[in-house]
Structures are given as C-alpha cells and as structure tokens.
Amino acid sequence: MQPLLEIFRDFAKKEGIADKAFIVGGAVRDILLSKELKDIDIAIIGEALNIAERFAKEINGSFVLLDKEFGTARVVKNGEFLDISVMRGDSILSDLSERDITINAMAIPLTNFQPSAFSLQHLIDPYNGKNDLFNGIIKMVSEENLIKDPLRILRIYRFAATLNFSVEKETLNAAGRLSPLITAVAVERITEELRHIIRLDDSYKTIKNMKDAGILSFLFIELKECSLELYKTVEKILNNPSLYFLDYSAPIFKYFETDYRKICLKLSTLFPDSDTARQSAMRLRMSKKEVEFIHGMSSNRNRIADLYKKGTGSPDNTASISLLKEFKDHIYPLAILSIAKEPPITSFCHEIIIFYNEKFKTKMDILPIITGNDLIKEFNLKPSPLFKKILAAVEDLVLEGRVASKEEALKAVRGMLKTEM
Ligand code: ATP
Ligand code: MG
C-alpha cells in the first residue's frame with residue numbers, strides 16, 4: 001500500500017497545489033534521521049482546511065477538524081494520518097520563524113519529496129536545524145517565540161528528553177528565566193507535554209533538571225516544595241522489576257503496559273498527601289480514571305508497610321487477603337511504592353506478590369462460584385438487596401480459602417440464611 005504522504009503528494013500535484021505545500025515538524029526530523037515516519041505535519045499556503053476536506057473525500061478517508069481558529073485538520077486513512085495546517089504568514093520562511101526549536105523549524109517542499117531519494121539540497125533550514133539534529137542539540141528559534149507561547153519552554157525539555165539531546169546554554173537560561181510564564185498556558189497542553197516526558201524510562205533526569213531550573217513549581221503549583229527521591233526510586237524499580245520481584249515480574253510488566261499507569265504512579269510520588277495529589281491531577285485535567293489512580297496510590301502508600309508492622313511476617317492472613325481483595329492487580333504499583341519508600345520491606349512485598357499470583361489469583365479464577373440464579377433455584381429467593389450481600393459474602397469465603405466448590409458455597413449460603421432468619 002502506498003504511504004499516505006505519497007498519496008497526498010500525488011493529489012497535491014494533480015490539484016496544482018504541490019508547490020504551496022511543505023512537510024514540516026517531526027516528519028522532517030524522521031526523514032533526516034532515516035526513521036520510519038509516524039505522524040506527518042503538512043503546512044499549506046491558503047485554504048488548508050478545504051484541501052484537507054477534499055483530500056479526505058477523494059481517498060475515502062476521514063476528516064477531523066483539529067483547530068478551526070488555527071486552521072488545522074487531520075485526514076485519517078487505514079490508521080495513518082496527516083495533519084494539515086494553514087501556513088503561518090505568507091511564506092514557508094515566516095511559518096518556520098514561528099516554530100519552537102531549530103530541529104522543528106525545517107521544511108521539505110512536497111514537490112521534492114521522494115521517499116527513496118530525498119536530497120538534502122531541497123531542505124529548507126533557516127536556523128541550521130539539521131546541524132543541531134545531527135549534533136543532538138535543542139536550541140530555541142528565538143526568545144521572543146518562547147514569550148509568545150510559553151508552552152515552548154516545556155517543549156524544550158520534552159524534546160531534550162525524548163530525543164536524548166542536550167539543551168544549548170542560552171536556550172536553557174531563557175527557559176529558566178521565562179518559566180513563570182508557563183502558568184498562563186492552557187493546562188491540557190501542559191499535561192500533554194508532561195506525559196511525553198514522564199512516560200520515558202529515564203524521565204527522572206529531566207524532571208530533576210526542570211526542578212533545578214525552577215520550572216516544576218509552575219507546573220505543579222500545589223506543591224510548596226517537592227522532593228524527587230521517591231520518584232527516582234520508583235522509576236528505578238519500574239525499569240527493572242525482576243530485580244525486586246524475580247520470577248513474578250512478568251505480570252508486573254503486563255500490568256504496566258497500559259501507559260497511563262506508569263505515568264500516574266510516577267506522578268503520585270511528587271505529592272506529600274493525597275488531597276494535594278487529587279487537586280493537582282484534577283487541575284491538570286487528567287481523566288477520572290487517572291485522578292483516581294493518583295489519589296489511590298498517594299493515599300494508600302503505607303498500606304503494605306502497615307500490614308508488615310502489624311503482621312506475622314507472612315502474607316497468608318486475613319488482613320493481606322482483604323488488602324488484595326481491595327486492590328487486586330493494583331497491588332503491583334502499591335508494592336513498588338512500598339519498596340521505594342521502605343526498602344527493608346522488599347522481601348515482604350515480594351512475598352505478597354507471590355501469594356497474590358500463586359494463591360489469591362487462582363481463587364479469583366473460580367469466581368463467581370455461584371450466581372443470583374443459583375439463589376433463586378436452590379433457595380427459592382426473590383431478587384433483593386440480600387442477594388448482593390450473600391454473593392459478596394460467598395466471594396469473601398472463596399478468597400479466604402474457606403470455600404472451594406459450588407457445593408460448599410451453597411452449604412455456606414444455607415448457613416447464612418438460617419442465621420438471617
Ligand atoms: P512528534 O514526533 O512528537 O509529533 P513534532 O515535532 O511533530 O513531534 P508536534 O507537536 O506534532 O511535534 O508539532 C509539529 C510541529 O509544529 C513542531 O515540530 C513544531 O515545528 C510546531 N509546533 C508545535 N507546537 C508548537 C508550539 N507550541 N510552538 C511552536 N511550534 C510548534
Ligand atoms: Mg508531529
């Protein structure tokens with residue numbers, strides 16, 4: 001199948017607009033680095049939205065209006081997409097002058113684009129972005145641009161982190177100096193950039209750099225001060241769970257395949273208490289699920305340690321079972337947090353994870369051992385709130401290992417009904 005960018009180039013040629021269209025943004029970097037193209041940004045002089053709409057129609061793709069005011073639309077076809085924007089200013093040079101960093105301020109004329117034989121002589125590169133790209137340097141286009149849209153300050157750190165580049169000195173100074181301006185930026189945009197940073201395996205160093213530059217306090221305005229110790233250790237454990245959980249790291253890897261969990265676990269470590277955690281996550285407009293996760297991790301940080309202090313040293317007791325019932329798979333992030341906070345309980349956490357996988361989960365697998373239908377059939381009961389109570393009690397008995405078959409479950413219900421009456 002022909003890549004969407006080539007289909008668009010041919011469409012633009014046919015429509016006679018190819019010389020008004022340019023490949024910009026991350027796609028230019030990817031082409032220069034011979035990387036596979038991910039999302040592709042196109043800038044067009046003139047009627048960008050109109051062209052995007054016509055292109056979507058022609059290829060039977062879908063058209064998504066991204067930003068009417070800025071004239072940006074997305075055309076999607078077979079999982080590939082093309083973001084088409086109206087050119088800022090009246091030429092590609094004026095458009096590039098509005099961009100954030102030099103490696104993002106390059107363009108390739110669409111007419112010259114040949115995937116197999118792209119020649120560097122066609123690259124439009126007014127700020128020497130190609131050199132910075134090959135030398136691993138993040139450099140602002142201009143300080144004025146950072147002032148115009150202070151999100152760019154955060155994007156400096158984002159690109160330094162994702163590309164593992166270093167930030168040029170003047171850019172770094174300007175970013176630090178101008179950081180108070182970040183509070184004026186729409187939080188959704190801030191959160192988006194933060195996600196790019198935090199999801200990286202080695203995000204700690206970027207977060208630490210942002211803290212040292214005084215930027216972190218403008219991102220998490222709820223924090224009076226911010227220690228990164230827990231963040232650092234949690235990230236270290238997340239990167240190498242087999243060091244702590246040995247043979248039981250596979251389910252942990254699997255659990256953290258869901259991107260938001262890693263991000264939210266790391267975020268939760270920044271806050272001194274769960275109210276601040278929730279408040280900050282809500283202000284950052286994170287989803288309900290994410291806010292709950294961050295709040296949950298923050299408020300339950302000490303649960304395993306408390307259990308350890310109270311318990312017999314073995315996780316095979318009712319208190320552990322009730323913790324596992326409450327947390328199920330979320331015991332994994334909780335165990336990681338606990339180890340990070342209190343290294344001496346590492347082996348207890350490991351035992352909990354073994355117990356959870358070896359015993360608790362096998363019991364969960366036989367649930368539901370009886371259903372509401374069984375209650376109707378066996379005991380002639382009519383659906384009522386009592387149903388839920390009985391079924392929950394049976395579930396507890398199974399998880400505690402006191403009931404192992406349907407017969408035993410029904411017998412237990414008989415007993416419950418007798419005492420109820
Ligand atoms: P990615 O690989 O993450 O998509 P990208 O460079 O394409 O990287 P986008 O956020 O898709 O990043 O933005 C596309 C391009 O638009 C950038 O390369 C940059 O030139 C420009 N851009 C985006 N946001 C800004 C901004 N806030 N200020 C200036 N230029 C921006
Ligand atoms: Mg992009």
# chains A, B, ... in the order shown; residues from 1 in each chain; ligands from 1
call {"tool": "residues_near_ligand", "arguments": {"ligand": "ligand 2", "cutoff": "8 Å", "atoms": "only C-alpha atoms and all ligand atoms", "output": "ChimeraX atom specification"}}
result
/A:25-27,38-41,83
call {"tool": "residues_around", "arguments": {"residues": "Leu230 (chain A)", "least_positions_apart": "2", "cutoff": "8 Å", "atoms": "only C-alpha atoms", "output": "short mmCIF file (atom, residue, chain, number, x, y, z; two decimals) with N, CA, C and O atoms, in the first residue's frame"}}
result
data_model
loop_
_atom_site.label_atom_id
_atom_site.label_comp_id
_atom_site.auth_asym_id
_atom_site.auth_seq_id
_atom_site.Cartn_x
_atom_site.Cartn_y
_atom_site.Cartn_z
N SER A 227 10.12 16.91 46.73
CA SER A 227 11.26 16.01 46.78
C SER A 227 11.12 14.98 45.67
O SER A 227 10.02 14.50 45.40
N LEU A 228 12.21 14.68 45.03
CA LEU A 228 12.12 13.74 43.90
C LEU A 228 12.68 12.36 44.26
O LEU A 228 12.80 11.50 43.40
N LYS A 232 12.47 9.07 41.89
CA LYS A 232 13.68 8.45 41.35
C LYS A 232 13.69 6.94 41.61
O LYS A 232 13.95 6.13 40.72
N THR A 233 13.38 6.57 42.85
CA THR A 233 13.44 5.15 43.20
C THR A 233 12.32 4.37 42.52
O THR A 233 12.53 3.25 42.06
N VAL A 234 11.12 4.96 42.48
CA VAL A 234 10.00 4.26 41.83
C VAL A 234 10.35 4.00 40.36
O VAL A 234 10.12 2.91 39.83
N THR A 269 4.09 10.17 43.21
CA THR A 269 5.17 10.28 44.19
C THR A 269 5.56 11.73 44.51
O THR A 269 6.27 11.99 45.46
N LEU A 270 5.08 12.65 43.66
CA LEU A 270 5.51 14.04 43.84
C LEU A 270 4.78 14.74 44.99
O LEU A 270 5.24 15.75 45.49
N LEU A 337 5.72 1.15 45.20
CA LEU A 337 5.79 2.35 46.06
C LEU A 337 6.33 2.00 47.44
O LEU A 337 7.14 2.74 48.00
N ALA A 340 10.01 1.38 47.39
CA ALA A 340 10.73 2.63 47.19
C ALA A 340 10.78 3.43 48.49
O ALA A 340 11.78 4.06 48.82
N LYS A 341 9.67 3.38 49.24
CA LYS A 341 9.60 4.16 50.47
C LYS A 341 10.35 3.49 51.61
O LYS A 341 10.99 4.14 52.41
#
call {"tool": "residues_near_ligand", "arguments": {"ligand": "ligand 1", "cutoff": "8 Å", "atoms": "only C-alpha atoms and all ligand atoms", "output": "PyMOL selection string"}}
result
chain A and resi 24-27+29+38-41+96+98-101+103-106+145-146+149-152+155
call {"tool": "closest_residue", "arguments": {"among": "A:Met416, A:Val64, A:Leu194, A:Ile137", "to": "Ser166 (chain A)", "atoms": "only C-alpha atoms"}}
result
A:Ile137
call {"tool": "closest_residue", "arguments": {"among": "A:Lys325, A:Ile108, A:Gly415, A:Glu358", "to": "Val398 (chain A)", "atoms": "only C-alpha atoms"}}
result
A:Lys325
call {"tool": "closest_residue", "arguments": {"among": "A:Arg278, A:Arg199, A:Lys148, A:Lys224", "to": "Val185 (chain A)", "atoms": "only C-alpha atoms"}}
result
A:Lys148
call {"tool": "closest_residue", "arguments": {"among": "A:Tyr308, A:Phe159, A:Tyr231, A:Phe256", "to": "Ile197 (chain A)", "atoms": "only C-alpha atoms"}}
result
A:Phe159
call {"tool": "residues_around", "arguments": {"residues": "Ser405 (chain A)", "least_positions_apart": "6", "cutoff": "12 Å", "atoms": "only C-alpha atoms", "output": "PyMOL selection string"}}
result
chain A and resi 363+366-370+394-395+397-399+411-412
call {"tool": "write_last_selection", "arguments": {"atoms": "N, CA, C and O atoms", "output": "short mmCIF file (atom, residue, chain, number, x, y, z; two decimals), in the first residue's frame"}}
result
data_model
loop_
_atom_site.label_atom_id
_atom_site.label_comp_id
_atom_site.auth_asym_id
_atom_site.auth_seq_id
_atom_site.Cartn_x
_atom_site.Cartn_y
_atom_site.Cartn_z
N LYS A 363 -7.78 -18.45 43.25
CA LYS A 363 -9.13 -18.42 43.86
C LYS A 363 -10.03 -17.45 43.11
O LYS A 363 -11.22 -17.69 42.94
N ILE A 366 -11.89 -18.91 40.12
CA ILE A 366 -13.11 -19.74 40.20
C ILE A 366 -14.36 -18.89 40.51
O ILE A 366 -15.46 -19.41 40.63
N LEU A 367 -14.17 -17.60 40.62
CA LEU A 367 -15.33 -16.72 40.87
C LEU A 367 -16.03 -16.37 39.56
O LEU A 367 -15.34 -16.25 38.54
N PRO A 368 -17.32 -16.16 39.49
CA PRO A 368 -18.25 -16.36 40.60
C PRO A 368 -18.55 -17.85 40.76
O PRO A 368 -18.83 -18.53 39.78
N ILE A 369 -18.50 -18.30 41.99
CA ILE A 369 -18.71 -19.73 42.23
C ILE A 369 -20.21 -20.04 42.22
O ILE A 369 -20.63 -21.13 41.84
N ILE A 370 -21.02 -19.07 42.64
CA ILE A 370 -22.48 -19.17 42.47
C ILE A 370 -23.01 -17.82 41.99
O ILE A 370 -22.36 -16.79 42.17
N VAL A 394 -20.08 -14.82 49.99
CA VAL A 394 -19.56 -16.07 49.41
C VAL A 394 -18.21 -15.81 48.74
O VAL A 394 -17.26 -16.58 48.89
N GLU A 395 -18.15 -14.69 48.04
CA GLU A 395 -16.89 -14.34 47.37
C GLU A 395 -15.75 -14.24 48.39
O GLU A 395 -14.66 -14.77 48.18
N LEU A 397 -15.55 -15.75 51.25
CA LEU A 397 -15.19 -17.08 51.74
C LEU A 397 -14.28 -17.81 50.75
O LEU A 397 -13.34 -18.49 51.15
N VAL A 398 -14.56 -17.64 49.47
CA VAL A 398 -13.72 -18.28 48.44
C VAL A 398 -12.31 -17.71 48.50
O VAL A 398 -11.32 -18.44 48.55
N LEU A 399 -12.22 -16.38 48.54
CA LEU A 399 -10.90 -15.74 48.51
C LEU A 399 -10.09 -16.05 49.78
O LEU A 399 -8.88 -16.11 49.76
N LYS A 411 -23.78 -24.65 50.67
CA LYS A 411 -23.90 -25.02 52.08
C LYS A 411 -23.71 -23.77 52.96
O LYS A 411 -24.46 -23.53 53.91
N ALA A 412 -22.73 -22.99 52.58
CA ALA A 412 -22.46 -21.77 53.36
C ALA A 412 -23.65 -20.82 53.28
O ALA A 412 -24.03 -20.19 54.27
#
call {"tool": "closest_residue", "arguments": {"among": "A:Ala305, A:Leu324, A:Ala393, A:Ile7", "to": "Glu80 (chain A)", "atoms": "only C-alpha atoms"}}
result
A:Ile7
call {"tool": "select_by_dssp", "arguments": {"residues": "region 71-237 of chain A", "states": "strand (DSSP E or B)", "output": "VMD selection string"}}
result
chain A and resid 72 to 77 80 to 86 101 107 to 109 124 137 to 138 140 166 to 167
call {"tool": "atom_distance", "arguments": {"atom1": "CA of Gly296 (chain A)", "atom2": "CA of Met210 (chain A)"}}
result
25.9 Å
call {"tool": "residues_around", "arguments": {"residues": "Glu6 (chain A)", "least_positions_apart": "3", "cutoff": "12 Å", "atoms": "only C-alpha atoms", "output": "PyMOL selection string"}}
result
chain A and resi 1-3+9-13+18+23+37+40+80+82+110-116
call {"tool": "atom_distance", "arguments": {"atom1": "CA of Arg261 (chain A)", "atom2": "CA of Ser217 (chain A)"}}
result
23.0 Å
call {"tool": "closest_residue", "arguments": {"among": "A:Ala175, A:Ala48, A:Ile237, A:Ala184", "to": "Phe253 (chain A)", "atoms": "only C-alpha atoms"}}
result
A:Ile237
call {"tool": "atom_distance", "arguments": {"atom1": "CA of Ala52 (chain A)", "atom2": "CA of Pro109 (chain A)"}}
result
17.3 Å
